[in-house]
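What follows is a single structure, written as structure tokens, with notes after it.
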Amino acid sequence: KEAISQLKAMGLRCMMITGDNRQVAKWVADEIGLDEYFAEVLPDQKAEKVKEVQSRGLKVAMTGDGVNDAPALAQADVGIAIGAGTDVAVATADVVLVKSNPLDAVSIVKLSRATYRKMLQNLGWATGYNVIAIPLAAGVAYGAGIVLDPAVGAALMALSTIIVAINARFLKASS
């Protein structure tokens with residue numbers, strides 16, 4: 001319930017695909033706050049349900065642990081297997097949770113978002129640096145008396161790489 005609450009707070013829709021009957025599925029969905037559920041889904045229909053959700057234009061992260069989940073894990077944009085699950089589910093998934101803790105799915109989303117932000121920061125820095133440094137190194141400002149010695153240019157390029165690497169190291173602190 002806590003994981004669903006946190007995922008929804010991050011703007012994600014939470015759904016369930018289950019082979020259980022509609023009454024049980026509705027009770028569980030209501031109890032933990034799911035946005036939607038699919039009940040009485042046969043094992044070979046799970047991947048079709050994932051496709052159905054994708055056809056709405058949504059990206060799908062599917063969590064599962066069994067042989068029956070493997071096709072749906074493969075169909076999903078991101079397949080997340082429970083580490084204690086079957087070998088085929090683990091082999092099919094993109095991500096494997098070591099523990100069977102639903103809050104680990106929340107951690108995956110937080111880490112992926114923080115990683116994306118960090119990539120944009122580093123790309124912005126590298127682009128900005130190169131937009132200025134490459135023309136200077138090419139002698140664009142020579143007429144204004146600004147000349148960038150090739151050795152200084154090489155040192156600045158190394159410094160730029162170091163800055164990007166240091167910024168990447170802060171990923172853990174920002175996630």
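By order of appearance in the structure tokens: chains A, B, ..., then residues from 1 within every chain, and ligands from 1 in the order shown.
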
inquiry  = DSSP on the backbone, helix (DSSP H, G or I) only: what residues of range 61-122 of chain A does that give? Format it as number ranges by chain.
reply    = A: 67-75, 87-92, 103-122

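Put simply, CA of Asp35 in chain A is 9.5 Å away from CA of Leu12 in chain A.
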
task = Step one, run DSSP on the backbone; step two, keep only residues of range 7-101 of chain A assigned to strand (DSSP E); then write them as a list in words.
result = Met15, Met16, Ile17, Glu36, Tyr37, Phe38, Ala61, Met62, Thr63, Gly64, Val78, Gly79, Ile80, Ala81, Ile82, Val95, Val96 and Leu97 of chain A

ask   = Skipping near chain neighbours, those fewer than 4 positions away, what residues fall within 7 Å of range 60-65 of chain A using only C-alpha atoms, listed as a VMD selection string?
value = chain A and resid 54 69 73 76 to 82 85 to 86 89

key: Tyr37 in chain A surroundings by only C-alpha atoms, 9 Å radius, close-in-sequence under 4 positions cut, as a list in words   = Cys14, Met15, Met16, Ile17, Thr18, Ala25, Lys26 and Ala29 of chain A

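Using only C-alpha atoms, the protein and nucleic acid residues lying no more than 12 Å from Gly153 in chain A, apart from those fewer than 6 places from it along its own chain, are Tyr129, Asn130, Ile132, Ala133, Ile134, Pro135, Leu136, Ala137, Ala138, Gly139, Val147, Leu159 and Ser160 of chain A.
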
inquiry  = Need the shell around Met119 in chain A: protein/DNA/RNA residues with any atom at most 12 Å away, counting only C-alpha atoms. Skip same-chain ones fewer than 4 positions apart. Format as a list in words?
reply    = Ser112, Arg113, Ala114, Thr115, Leu123, Gly124, Trp125, Ala126, Thr127, Val164, Ala165, Asn167, Ala168, Arg169, Phe170 and Leu171 of chain A

Only all heavy atoms, please: the residues just picked out, written as a compact mmCIF listing (two decimals), in the first residue's frame.
```
# COMPACT_ATOMS: atom_id res chain seq x y z
N SER A 112 16.07 6.21 -11.40
CA SER A 112 16.06 6.46 -12.85
C SER A 112 15.80 7.94 -13.14
O SER A 112 16.42 8.53 -14.03
CB SER A 112 15.04 5.58 -13.56
OG SER A 112 13.73 5.91 -13.18
N ARG A 113 14.92 8.57 -12.38
CA ARG A 113 14.65 10.00 -12.57
C ARG A 113 15.87 10.84 -12.20
O ARG A 113 16.20 11.80 -12.89
CB ARG A 113 13.42 10.42 -11.78
CG ARG A 113 12.13 9.89 -12.39
CD ARG A 113 10.92 10.30 -11.61
NE ARG A 113 9.70 9.91 -12.32
CZ ARG A 113 8.49 10.17 -11.90
NH1 ARG A 113 8.29 10.81 -10.75
NH2 ARG A 113 7.44 9.78 -12.60
N ALA A 114 16.53 10.49 -11.11
CA ALA A 114 17.73 11.22 -10.70
C ALA A 114 18.84 11.04 -11.74
O ALA A 114 19.57 11.99 -12.06
CB ALA A 114 18.20 10.74 -9.33
N THR A 115 18.97 9.83 -12.29
CA THR A 115 19.98 9.57 -13.31
C THR A 115 19.70 10.40 -14.55
O THR A 115 20.62 10.99 -15.14
CB THR A 115 19.99 8.07 -13.67
OG1 THR A 115 20.28 7.32 -12.49
CG2 THR A 115 21.03 7.76 -14.73
N LEU A 123 25.13 16.78 -19.88
CA LEU A 123 25.02 17.12 -21.30
C LEU A 123 25.02 18.63 -21.48
O LEU A 123 25.67 19.17 -22.38
CB LEU A 123 23.77 16.49 -21.90
CG LEU A 123 23.56 16.68 -23.39
CD1 LEU A 123 24.71 16.08 -24.17
CD2 LEU A 123 22.25 16.07 -23.83
N GLY A 124 24.28 19.33 -20.62
CA GLY A 124 24.25 20.80 -20.68
C GLY A 124 25.63 21.40 -20.46
O GLY A 124 26.05 22.30 -21.18
N TRP A 125 26.33 20.88 -19.44
CA TRP A 125 27.68 21.39 -19.17
C TRP A 125 28.60 21.13 -20.36
O TRP A 125 29.29 22.03 -20.83
CB TRP A 125 28.26 20.74 -17.91
CG TRP A 125 29.74 20.95 -17.82
CD1 TRP A 125 30.72 20.04 -18.10
CD2 TRP A 125 30.42 22.15 -17.49
NE1 TRP A 125 31.95 20.60 -17.96
CE2 TRP A 125 31.80 21.91 -17.58
CE3 TRP A 125 30.00 23.43 -17.12
CZ2 TRP A 125 32.75 22.88 -17.33
CZ3 TRP A 125 30.96 24.40 -16.86
CH2 TRP A 125 32.31 24.12 -16.96
N ALA A 126 28.62 19.91 -20.85
CA ALA A 126 29.53 19.55 -21.94
C ALA A 126 29.21 20.35 -23.20
O ALA A 126 30.12 20.82 -23.89
CB ALA A 126 29.45 18.05 -22.21
N THR A 127 27.93 20.52 -23.50
CA THR A 127 27.55 21.29 -24.68
C THR A 127 27.96 22.75 -24.53
O THR A 127 28.55 23.34 -25.44
CB THR A 127 26.03 21.18 -24.94
OG1 THR A 127 25.70 19.80 -25.11
CG2 THR A 127 25.61 21.97 -26.15
N VAL A 164 32.34 16.74 -15.18
CA VAL A 164 31.23 15.83 -15.50
C VAL A 164 31.28 14.60 -14.59
O VAL A 164 30.26 14.15 -14.06
CB VAL A 164 31.24 15.46 -16.99
CG1 VAL A 164 30.32 14.28 -17.28
CG2 VAL A 164 30.85 16.66 -17.84
N ALA A 165 32.46 14.05 -14.40
CA ALA A 165 32.61 12.85 -13.55
C ALA A 165 32.26 13.16 -12.09
O ALA A 165 31.59 12.37 -11.42
CB ALA A 165 34.04 12.31 -13.65
N ASN A 167 30.28 15.56 -11.04
CA ASN A 167 28.83 15.77 -10.99
C ASN A 167 28.09 14.43 -10.97
O ASN A 167 27.11 14.26 -10.24
CB ASN A 167 28.36 16.62 -12.17
CG ASN A 167 26.91 17.04 -12.04
OD1 ASN A 167 26.45 17.35 -10.95
ND2 ASN A 167 26.21 17.04 -13.14
N ALA A 168 28.56 13.47 -11.74
CA ALA A 168 27.94 12.14 -11.76
C ALA A 168 28.06 11.45 -10.40
O ALA A 168 27.16 10.72 -9.99
CB ALA A 168 28.56 11.28 -12.85
N ARG A 169 29.14 11.71 -9.71
CA ARG A 169 29.33 11.11 -8.37
C ARG A 169 28.30 11.60 -7.37
O ARG A 169 28.02 10.94 -6.38
CB ARG A 169 30.75 11.40 -7.85
CG ARG A 169 31.86 10.76 -8.61
CD ARG A 169 32.02 9.31 -8.33
NE ARG A 169 32.32 9.13 -6.93
CZ ARG A 169 32.21 7.99 -6.28
NH1 ARG A 169 31.82 6.92 -6.92
NH2 ARG A 169 32.50 7.90 -5.02
N PHE A 170 27.73 12.76 -7.62
CA PHE A 170 26.71 13.31 -6.73
C PHE A 170 25.34 12.68 -6.96
O PHE A 170 24.37 13.03 -6.29
CB PHE A 170 26.60 14.83 -6.87
CG PHE A 170 27.75 15.58 -6.28
CD1 PHE A 170 28.58 16.35 -7.05
CD2 PHE A 170 28.00 15.50 -4.91
CE1 PHE A 170 29.64 17.04 -6.49
CE2 PHE A 170 29.06 16.19 -4.34
CZ PHE A 170 29.89 16.96 -5.13
N LEU A 171 25.23 11.74 -7.89
CA LEU A 171 23.96 11.09 -8.19
C LEU A 171 23.36 10.47 -6.95
O LEU A 171 22.19 10.65 -6.65
CB LEU A 171 24.13 10.02 -9.28
CG LEU A 171 22.88 9.22 -9.61
CD1 LEU A 171 21.79 10.14 -10.16
CD2 LEU A 171 23.19 8.14 -10.60
```
